[in-house]
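Novice: Provided herewith: structure.txt, compact mmCIF, C-alpha atoms.
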```txt
# COMPACT_ATOMS: atom_id res chain seq x y z
CA ILE H 1 19.10 83.83 -11.08
CA GLN H 2 22.45 82.63 -12.38
CA SER H 3 21.88 84.47 -15.67
CA ALA H 4 21.08 87.68 -13.80
CA MET H 5 24.22 87.23 -11.72
CA MET H 6 26.37 87.15 -14.85
CA GLU H 7 24.47 89.85 -16.73
CA PHE H 8 24.53 92.38 -13.89
CA ASP H 9 27.90 91.57 -12.32
CA GLY H 10 26.36 90.13 -9.17
CA ARG H 11 24.40 93.29 -8.31
CA LEU H 12 21.34 91.43 -7.06
CA ALA H 13 19.21 91.82 -3.96
CA MET H 14 16.12 90.06 -2.73
CA SER H 15 13.03 91.10 -0.81
CA THR H 16 11.30 88.78 1.64
CA SER H 17 8.36 88.88 4.03
CA PHE H 18 9.36 85.73 5.90
CA GLY H 19 5.90 84.49 5.05
CA ILE H 20 4.58 80.97 4.62
CA GLN H 21 6.47 80.23 1.37
CA SER H 22 9.42 82.61 1.73
CA ALA H 23 11.99 79.92 2.50
CA ILE H 24 11.99 78.65 -1.10
CA LEU H 25 13.42 81.72 -2.81
CA LEU H 26 15.70 82.41 0.15
CA HIS H 27 17.13 78.92 -0.30
CA LEU H 28 17.39 79.20 -4.08
CA ALA H 29 18.96 82.66 -4.10
CA THR H 30 21.56 81.86 -1.46
CA GLN H 31 22.60 78.75 -3.39
CA VAL H 32 23.55 81.03 -6.28
CA LYS H 33 24.80 84.04 -4.30
CA PRO H 34 25.37 83.18 -0.61
CA ASP H 35 25.85 86.81 0.42
CA ILE H 36 22.92 88.27 -1.54
CA PRO H 37 21.42 91.19 0.42
CA ILE H 38 18.02 90.17 1.80
CA VAL H 39 15.72 93.12 2.50
CA TRP H 40 12.92 92.59 5.00
CA VAL H 41 10.46 95.28 5.99
CA ASP H 42 9.46 95.23 9.64
CA THR H 43 6.11 97.01 9.68
CA GLY H 44 5.94 96.97 13.47
CA TYR H 45 2.81 94.82 13.27
CA LEU H 46 4.17 91.40 12.37
CA PRO H 47 3.06 88.33 14.35
CA GLU H 48 5.47 87.10 16.99
CA GLU H 49 5.77 83.85 15.03
CA THR H 50 7.11 85.71 11.99
CA TYR H 51 9.93 87.25 14.02
CA HIS H 52 10.90 83.82 15.32
CA TYR H 53 10.69 82.34 11.81
CA ALA H 54 12.94 85.10 10.47
CA GLU H 55 15.55 84.25 13.08
CA THR H 56 15.32 80.54 12.26
CA LEU H 57 15.86 81.13 8.55
CA ARG H 58 18.56 83.73 9.16
CA GLU H 59 20.55 81.19 11.14
CA THR H 60 19.73 78.17 8.96
CA LEU H 61 20.59 79.85 5.65
CA ASN H 62 23.18 82.33 7.01
CA LEU H 63 21.27 85.25 5.52
CA ASN H 64 22.79 88.65 4.81
CA LEU H 65 19.75 90.37 6.28
CA HIS H 66 18.91 94.08 5.99
CA ILE H 67 15.85 95.32 7.86
CA GLY H 68 13.80 98.29 6.67
CA THR H 69 11.55 100.32 8.98
CA ASN H 70 9.84 103.69 8.79
CA SER H 71 11.63 105.64 11.50
CA GLN H 72 9.72 108.85 10.77
CA TRP H 73 6.31 107.22 10.93
CA THR H 74 6.47 104.77 13.82
CA PRO H 75 3.36 102.67 14.47
CA ALA H 76 2.53 104.84 17.48
CA ARG H 77 2.80 108.09 15.51
CA MET H 78 0.85 106.69 12.58
CA GLU H 79 -2.00 105.58 14.84
CA ALA H 80 -2.04 108.90 16.70
CA ILE H 81 -2.31 110.96 13.50
CA HIS H 82 -4.18 108.65 11.13
CA GLY H 83 -5.83 106.12 13.41
CA LYS H 84 -5.81 102.36 12.88
CA LEU H 85 -5.76 102.50 9.10
CA TRP H 86 -6.27 98.75 8.72
CA GLU H 87 -9.75 99.07 10.24
CA SER H 88 -10.92 101.40 7.47
CA GLU H 89 -13.02 100.19 4.53
CA GLU H 90 -11.52 102.90 2.32
CA ALA H 91 -8.99 102.01 -0.37
CA ALA H 92 -7.15 105.27 0.33
CA ALA H 93 -6.52 104.24 3.95
CA HIS H 94 -5.32 100.81 2.83
CA GLY H 95 -3.00 102.49 0.33
CA LEU H 96 -1.63 104.91 2.90
CA TYR H 97 -0.92 102.08 5.32
CA GLY H 98 0.93 100.14 2.64
CA LYS H 99 2.92 103.19 1.61
CA MET H 100 3.99 104.13 5.14
CA ARG H 101 4.58 100.68 6.60
CA LYS H 102 5.89 98.79 3.55
CA VAL H 103 6.63 100.65 0.31
CA GLU H 104 8.67 103.57 1.66
CA PRO H 105 10.76 101.43 4.07
CA MET H 106 11.46 98.92 1.29
CA GLN H 107 12.66 101.57 -1.14
CA ALA H 108 14.80 103.26 1.52
CA ALA H 109 16.42 99.97 2.48
CA LEU H 110 17.14 99.06 -1.15
CA ASN H 111 18.58 102.50 -1.89
CA SER H 112 20.91 102.23 1.11
CA LEU H 113 22.63 99.09 -0.20
CA GLU H 114 26.15 99.40 -1.58
CA PRO H 115 26.67 98.64 -4.36
CA ASN H 116 23.11 99.52 -5.24
CA PRO H 117 21.34 96.47 -6.69
CA MET H 118 20.34 96.50 -10.34
CA VAL H 119 18.04 93.47 -9.96
CA LEU H 120 15.54 92.72 -7.20
CA LEU H 121 14.37 89.14 -6.73
CA SER H 122 10.89 88.49 -5.37
CA GLY H 123 9.08 85.25 -4.62
CA LEU H 124 5.69 86.19 -6.10
CA ARG H 125 3.76 83.41 -7.82
CA ALA H 126 1.04 83.68 -10.44
CA ALA H 127 -1.25 81.36 -8.46
CA GLN H 128 -1.40 83.72 -5.49
CA THR H 129 -3.61 86.60 -6.76
CA LYS H 130 -5.31 87.80 -9.92
CA ALA H 131 -2.86 90.68 -10.25
CA ARG H 132 0.14 88.35 -9.93
CA ALA H 133 -1.30 85.99 -12.55
CA ASN H 134 -0.78 88.77 -15.10
CA MET H 135 2.79 89.63 -14.09
CA LYS H 136 5.81 89.05 -16.29
CA PRO H 137 8.86 87.17 -14.98
CA ILE H 138 11.06 90.22 -15.67
CA SER H 139 9.99 93.85 -15.44
CA PHE H 140 11.58 97.25 -14.82
CA THR H 141 10.32 99.41 -11.96
CA GLN H 142 11.65 101.94 -9.45
CA GLY H 143 14.94 102.17 -11.34
CA ARG H 144 15.82 98.48 -11.30
CA PHE H 145 14.83 95.17 -12.83
CA LYS H 146 12.44 92.94 -10.90
CA LEU H 147 12.90 89.21 -11.34
CA LEU H 148 10.25 86.65 -10.32
CA PRO H 149 11.95 83.22 -10.48
CA LEU H 150 8.99 81.39 -8.90
CA LEU H 151 6.24 83.01 -10.96
CA GLN H 152 5.04 79.77 -12.60
CA MET H 153 5.69 77.51 -9.61
CA SER H 154 2.58 75.52 -8.63
CA ASP H 155 1.26 74.92 -5.11
CA GLU H 156 2.28 71.26 -5.47
CA ALA H 157 5.82 72.22 -6.47
CA VAL H 158 6.03 74.51 -3.44
CA ALA H 159 5.14 71.65 -1.10
CA ASP H 160 7.58 69.32 -2.85
CA TYR H 161 10.42 71.85 -2.57
CA PHE H 162 9.92 72.24 1.18
CA ASP H 163 9.99 68.46 1.58
CA GLN H 164 12.95 67.88 -0.73
CA TYR H 165 15.22 70.35 1.05
CA ASP H 166 13.70 69.92 4.52
CA LEU H 167 13.21 73.67 4.90
CA PRO H 168 11.81 75.10 8.14
CA ARG H 169 8.10 75.88 8.08
CA HIS H 170 6.46 79.05 9.33
CA PRO H 171 4.94 78.31 12.77
CA LEU H 172 1.55 79.70 11.71
CA GLU H 173 1.22 77.21 8.84
CA SER H 174 0.32 74.47 11.32
CA LYS H 175 -2.43 76.75 12.65
CA GLY H 176 -4.20 77.00 9.30
CA TYR H 177 -2.52 80.04 7.76
CA VAL H 178 -1.74 79.80 4.06
CA THR H 179 -0.58 83.42 3.79
CA VAL H 180 0.53 85.76 6.54
CA GLY H 181 1.38 89.45 6.79
CA ASP H 182 0.62 91.80 9.67
CA TRP H 183 -1.14 90.31 12.70
CA HIS H 184 -4.21 92.50 12.30
CA SER H 185 -4.75 91.62 8.64
CA SER H 186 -4.13 87.84 8.56
CA ARG H 187 -6.13 84.86 9.76
CA PRO H 188 -6.37 81.09 9.16
CA VAL H 189 -8.15 79.91 6.02
CA GLU H 190 -11.55 78.25 6.28
CA GLU H 191 -12.49 75.13 4.36
CA GLY H 192 -13.15 75.92 0.70
CA GLU H 193 -12.19 79.58 1.10
CA ASP H 194 -9.97 81.54 -1.29
CA PRO H 195 -6.71 81.90 0.67
CA ARG H 196 -6.32 85.58 -0.24
CA ASN H 197 -9.61 86.36 1.52
CA THR H 198 -7.75 85.73 4.77
CA ARG H 199 -5.74 88.93 4.19
CA PHE H 200 -7.02 92.49 4.69
CA GLY H 201 -10.47 91.22 5.68
CA GLY H 202 -11.02 89.97 2.14
CA LYS H 203 -11.34 93.57 0.90
CA PHE H 204 -7.95 93.83 -0.82
CA GLN H 205 -5.45 91.37 -2.32
CA GLU H 206 -2.31 93.52 -2.45
CA CYS H 207 -0.52 95.82 -0.03
CA GLY H 208 1.17 98.11 -2.55
CA LEU H 209 4.63 96.57 -2.57
CA HIS H 210 4.07 94.63 -5.77
CA VAL H 211 1.06 96.25 -7.47
```
Could the structure of this file be written out as structure tokens, please?
Specialist:
Amino acid sequence: IQSAMMEFDGRLAMSTSFGIQSAILLHLATQVKPDIPIVWVDTGYLPEETYHYAETLRETLNLNLHIGTNSQWTPARMEAIHGKLWESEEAAAHGLYGKMRKVEPMQAALNSLEPNPMVLLSGLRAAQTKARANMKPISFTQGRFKLLPLLQMSDEAVADYFDQYDLPRHPLESKGYVTVGDWHSSRPVEEGEDPRNTRFGGKFQECGLHV
């Protein structure tokens, strides 16, 4: 992160979901650049606990938070025209939901930042999904570099980091969630289950933001 700061004259931004492990990169990035723009997409379907967690971390880490939403396709309009897309078994419906609720709002929010960031930090880790296991720590997409500082961080290192810096935990973690997104597509993990099966009914592993 420090190298990117010097190489790109501080023109960094970061995306976050305020998920179970989000506090780590938020803490790391703000140690290097306290005023780094943090872009969070509010899909309109996040659990109440995620909104509270976002406020806790915003206050604890003094985050420079920018919130992206799809003002043209509100949840109500989307459901009226396309139905409850998350209930569909079709990959096309899953893709459309991700595009409308996540991808387009994220890109709009990033493009609205001044100065426009040349590097986007993301907290993806190789251990999370098969697609992420094949990612490179630095890539170029959507007109900017994407940097994954935590890519090779293990589950054990994640737990140790939270303990070492006494970072706030997502309220749903104590209820058995190991990953959390929208309320309708997340649930607690069962014993011996692949954690990613708790998202999107086990049918998909990615929402379109990263793959």
Novice: Between H:Leu150, H:Met118, H:Leu46, H:Met78, which residue has the minimum interatomic distance to Asp182 of chain H, considering all atoms listed in the file?
Specialist: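 Answer, going by the shortest atom-to-atom distance: H:Leu46.
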Novice: If I take atom CA of Ser154 of chain H and atom CA of Ala126 of chain H, how far is one from the other in Å, to one decimal?
Specialist: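 Between atom CA of Ser154 of chain H and atom CA of Ala126 of chain H the gap is 8.5 Å.
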Novice: Which one is closest to Met153 of chain H: H:Gln128, H:Ser186, H:Ser71, H:Ser88? Count only C-alpha atoms.
Specialist: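 For Met153 of chain H, the nearest of the candidates is H:Gln128.
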Novice: If we count all atoms listed in the file, what is near Pro188 of chain H at a cut-off of 9 Å, once residues fewer than 5 positions away on the same chain are taken out, given as JSON, numbers by chain?
Specialist: {"H": [172, 173, 175, 176, 177, 178, 179, 180, 195, 198]}
Novice: Between H:Gln31, H:Ser15, H:Thr43, H:Asn116, which has the minimum distance to Pro75 of chain H (counting only C-alpha atoms)?
Specialist: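 Using only C-alpha atoms, the shortest distance to Pro75 of chain H belongs to H:Thr43.
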Novice: Quote the spacing between atom CA of Ser122 of chain H and atom CA of Glu89 of chain H in Å to one decimal place.
Specialist: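 Computed distance, atom CA of Ser122 of chain H to atom CA of Glu89 of chain H, equals 28.4 Å.
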Novice: Extending 8 Å beyond the listed atoms of segment 163-182 of chain H on each side, what axis-aligned box results? I want centre and edge lengths in Å to one decimal, as JSON.
Specialist:
```
{"center_x": 5.5, "center_y": 79.8, "center_z": 6.0, "size_x": 35.4, "size_y": 39.9, "size_z": 29.5}
```
Novice: For Leu167 of chain H, find every residue with an atom within 9 Å (counting all atoms listed in the file), except residues of its own chain fewer than 4 positions away, and show them as a PyMOL selection string.
Specialist: chain H and resi 23-24+27+57+60+161-163
Novice: Mind giving me the straight-line distance from atom CA of Pro47 of chain H to atom CA of Ser185 of chain H in Å, one decimal?
Specialist: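 Atom CA of Pro47 of chain H sits 10.2 Å away from atom CA of Ser185 of chain H.
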Novice: Neighbours of Glu55 of chain H within 12 Å (only C-alpha atoms; same-chain residues fewer than 3 positions away dropped), as a VMD selection string?
Specialist: chain H and resid 18 23 40 48 to 52 58 to 65 168 170
Novice: For Met5 of chain H, work out the shell of residues within 10 Å, counting all atoms listed in the file and skipping chain neighbours fewer than 6 positions away, then give it as a compact mmCIF listing (two decimals) with C-alpha atoms, in the frame of the given file.
Specialist:
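Writing the result to selection_28.txt gives the following:
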```
# COMPACT_ATOMS: atom_id res chain seq x y z
CA ARG H 11 24.40 93.29 -8.31
CA LEU H 12 21.34 91.43 -7.06
CA VAL H 32 23.55 81.03 -6.28
CA LYS H 33 24.80 84.04 -4.30
CA VAL H 119 18.04 93.47 -9.96
```
Novice: Identify which of the residues H:Arg132, H:Leu28, H:Leu121, H:Met106 lies closest to Leu147 of chain H, counting all atoms listed in the file when measuring atom-to-atom distances.
Specialist: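 Nearest to Leu147 of chain H: H:Leu121.
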Novice: Since the input is missing atoms, can you rebuild all heavy atoms for segment 47-58 of chain H and write them as a PDB file, in the coordinates of the input?
Specialist:
```
ATOM      1  N   PRO H  47       3.315  89.285  13.258  1.00  0.00           N
ATOM      2  CA  PRO H  47       3.060  88.330  14.350  1.00  0.00           C
ATOM      3  C   PRO H  47       4.370  87.900  15.007  1.00  0.00           C
ATOM      4  O   PRO H  47       5.420  87.855  14.365  1.00  0.00           O
ATOM      5  CB  PRO H  47       2.412  87.138  13.627  1.00  0.00           C
ATOM      6  CG  PRO H  47       1.940  87.668  12.319  1.00  0.00           C
ATOM      7  CD  PRO H  47       2.892  88.766  11.953  1.00  0.00           C
ATOM      8  N   GLU H  48       4.290  87.565  16.268  1.00  0.00           N
ATOM      9  CA  GLU H  48       5.470  87.100  16.990  1.00  0.00           C
ATOM     10  C   GLU H  48       6.104  85.909  16.280  1.00  0.00           C
ATOM     11  O   GLU H  48       7.337  85.787  16.213  1.00  0.00           O
ATOM     12  CB  GLU H  48       5.058  86.693  18.413  1.00  0.00           C
ATOM     13  CG  GLU H  48       6.192  86.155  19.267  1.00  0.00           C
ATOM     14  CD  GLU H  48       5.733  85.785  20.660  1.00  0.00           C
ATOM     15  OE1 GLU H  48       4.751  86.376  21.141  1.00  0.00           O
ATOM     16  OE2 GLU H  48       6.357  84.890  21.268  1.00  0.00           O
ATOM     17  N   GLU H  49       5.259  85.033  15.710  1.00  0.00           N
ATOM     18  CA  GLU H  49       5.770  83.850  15.030  1.00  0.00           C
ATOM     19  C   GLU H  49       6.639  84.196  13.830  1.00  0.00           C
ATOM     20  O   GLU H  49       7.581  83.466  13.512  1.00  0.00           O
ATOM     21  CB  GLU H  49       4.607  82.951  14.590  1.00  0.00           C
ATOM     22  CG  GLU H  49       3.842  82.300  15.717  1.00  0.00           C
ATOM     23  CD  GLU H  49       2.716  83.162  16.255  1.00  0.00           C
ATOM     24  OE1 GLU H  49       2.672  84.377  15.950  1.00  0.00           O
ATOM     25  OE2 GLU H  49       1.861  82.631  16.999  1.00  0.00           O
ATOM     26  N   THR H  50       6.320  85.302  13.152  1.00  0.00           N
ATOM     27  CA  THR H  50       7.110  85.710  11.990  1.00  0.00           C
ATOM     28  C   THR H  50       8.505  86.140  12.410  1.00  0.00           C
ATOM     29  O   THR H  50       9.500  85.837  11.738  1.00  0.00           O
ATOM     30  CB  THR H  50       6.402  86.818  11.207  1.00  0.00           C
ATOM     31  OG1 THR H  50       5.176  86.305  10.675  1.00  0.00           O
ATOM     32  CG2 THR H  50       7.262  87.332  10.062  1.00  0.00           C
ATOM     33  N   TYR H  51       8.606  86.847  13.525  1.00  0.00           N
ATOM     34  CA  TYR H  51       9.930  87.250  14.020  1.00  0.00           C
ATOM     35  C   TYR H  51      10.779  86.027  14.362  1.00  0.00           C
ATOM     36  O   TYR H  51      11.972  85.971  14.049  1.00  0.00           O
ATOM     37  CB  TYR H  51       9.789  88.164  15.232  1.00  0.00           C
ATOM     38  CG  TYR H  51       9.199  89.520  14.916  1.00  0.00           C
ATOM     39  CD1 TYR H  51       7.907  89.851  15.313  1.00  0.00           C
ATOM     40  CD2 TYR H  51       9.934  90.475  14.220  1.00  0.00           C
ATOM     41  CE1 TYR H  51       7.361  91.092  15.036  1.00  0.00           C
ATOM     42  CE2 TYR H  51       9.393  91.730  13.926  1.00  0.00           C
ATOM     43  CZ  TYR H  51       8.101  92.030  14.338  1.00  0.00           C
ATOM     44  OH  TYR H  51       7.568  93.252  14.038  1.00  0.00           O
ATOM     45  N   HIS H  52      10.166  85.038  14.985  1.00  0.00           N
ATOM     46  CA  HIS H  52      10.900  83.820  15.320  1.00  0.00           C
ATOM     47  C   HIS H  52      11.304  83.067  14.053  1.00  0.00           C
ATOM     48  O   HIS H  52      12.422  82.524  13.971  1.00  0.00           O
ATOM     49  CB  HIS H  52      10.057  82.929  16.224  1.00  0.00           C
ATOM     50  CG  HIS H  52       9.933  83.430  17.625  1.00  0.00           C
ATOM     51  ND1 HIS H  52      11.006  83.530  18.489  1.00  0.00           N
ATOM     52  CD2 HIS H  52       8.855  83.889  18.321  1.00  0.00           C
ATOM     53  CE1 HIS H  52      10.613  84.007  19.649  1.00  0.00           C
ATOM     54  NE2 HIS H  52       9.312  84.247  19.574  1.00  0.00           N
ATOM     55  N   TYR H  53      10.392  83.029  13.069  1.00  0.00           N
ATOM     56  CA  TYR H  53      10.690  82.340  11.810  1.00  0.00           C
ATOM     57  C   TYR H  53      11.843  83.028  11.089  1.00  0.00           C
ATOM     58  O   TYR H  53      12.723  82.362  10.528  1.00  0.00           O
ATOM     59  CB  TYR H  53       9.448  82.327  10.939  1.00  0.00           C
ATOM     60  CG  TYR H  53       9.539  81.467   9.697  1.00  0.00           C
ATOM     61  CD1 TYR H  53       9.988  80.156   9.767  1.00  0.00           C
ATOM     62  CD2 TYR H  53       9.151  81.966   8.450  1.00  0.00           C
ATOM     63  CE1 TYR H  53      10.054  79.359   8.630  1.00  0.00           C
ATOM     64  CE2 TYR H  53       9.203  81.182   7.320  1.00  0.00           C
ATOM     65  CZ  TYR H  53       9.656  79.877   7.414  1.00  0.00           C
ATOM     66  OH  TYR H  53       9.708  79.088   6.287  1.00  0.00           O
ATOM     67  N   ALA H  54      11.853  84.350  11.108  1.00  0.00           N
ATOM     68  CA  ALA H  54      12.940  85.100  10.470  1.00  0.00           C
ATOM     69  C   ALA H  54      14.278  84.739  11.095  1.00  0.00           C
ATOM     70  O   ALA H  54      15.285  84.560  10.389  1.00  0.00           O
ATOM     71  CB  ALA H  54      12.676  86.600  10.597  1.00  0.00           C
ATOM     72  N   GLU H  55      14.307  84.610  12.420  1.00  0.00           N
ATOM     73  CA  GLU H  55      15.550  84.250  13.080  1.00  0.00           C
ATOM     74  C   GLU H  55      15.978  82.826  12.722  1.00  0.00           C
ATOM     75  O   GLU H  55      17.168  82.556  12.501  1.00  0.00           O
ATOM     76  CB  GLU H  55      15.394  84.373  14.598  1.00  0.00           C
ATOM     77  CG  GLU H  55      15.415  85.803  15.100  1.00  0.00           C
ATOM     78  CD  GLU H  55      16.682  86.533  14.684  1.00  0.00           C
ATOM     79  OE1 GLU H  55      17.777  86.106  15.104  1.00  0.00           O
ATOM     80  OE2 GLU H  55      16.579  87.508  13.932  1.00  0.00           O
ATOM     81  N   THR H  56      15.004  81.927  12.632  1.00  0.00           N
ATOM     82  CA  THR H  56      15.320  80.540  12.260  1.00  0.00           C
ATOM     83  C   THR H  56      15.939  80.476  10.881  1.00  0.00           C
ATOM     84  O   THR H  56      16.970  79.816  10.678  1.00  0.00           O
ATOM     85  CB  THR H  56      14.041  79.683  12.298  1.00  0.00           C
ATOM     86  OG1 THR H  56      13.536  79.644  13.634  1.00  0.00           O
ATOM     87  CG2 THR H  56      14.322  78.260  11.814  1.00  0.00           C
ATOM     88  N   LEU H  57      15.329  81.156   9.906  1.00  0.00           N
ATOM     89  CA  LEU H  57      15.860  81.130   8.550  1.00  0.00           C
ATOM     90  C   LEU H  57      17.170  81.901   8.435  1.00  0.00           C
ATOM     91  O   LEU H  57      18.056  81.514   7.669  1.00  0.00           O
ATOM     92  CB  LEU H  57      14.830  81.692   7.566  1.00  0.00           C
ATOM     93  CG  LEU H  57      13.598  80.814   7.319  1.00  0.00           C
ATOM     94  CD1 LEU H  57      12.634  81.495   6.343  1.00  0.00           C
ATOM     95  CD2 LEU H  57      14.005  79.444   6.768  1.00  0.00           C
ATOM     96  N   ARG H  58      17.303  82.970   9.188  1.00  0.00           N
ATOM     97  CA  ARG H  58      18.560  83.730   9.160  1.00  0.00           C
ATOM     98  C   ARG H  58      19.715  82.843   9.599  1.00  0.00           C
ATOM     99  O   ARG H  58      20.795  82.846   8.982  1.00  0.00           O
ATOM    100  CB  ARG H  58      18.462  84.956  10.068  1.00  0.00           C
ATOM    101  CG  ARG H  58      19.699  85.852  10.028  1.00  0.00           C
ATOM    102  CD  ARG H  58      19.552  87.030  10.953  1.00  0.00           C
ATOM    103  NE  ARG H  58      19.484  86.622  12.344  1.00  0.00           N
ATOM    104  CZ  ARG H  58      20.536  86.345  13.101  1.00  0.00           C
ATOM    105  NH1 ARG H  58      21.760  86.423  12.591  1.00  0.00           N
ATOM    106  NH2 ARG H  58      20.390  85.991  14.364  1.00  0.00           N
TER     107      ARG H  58
END
```
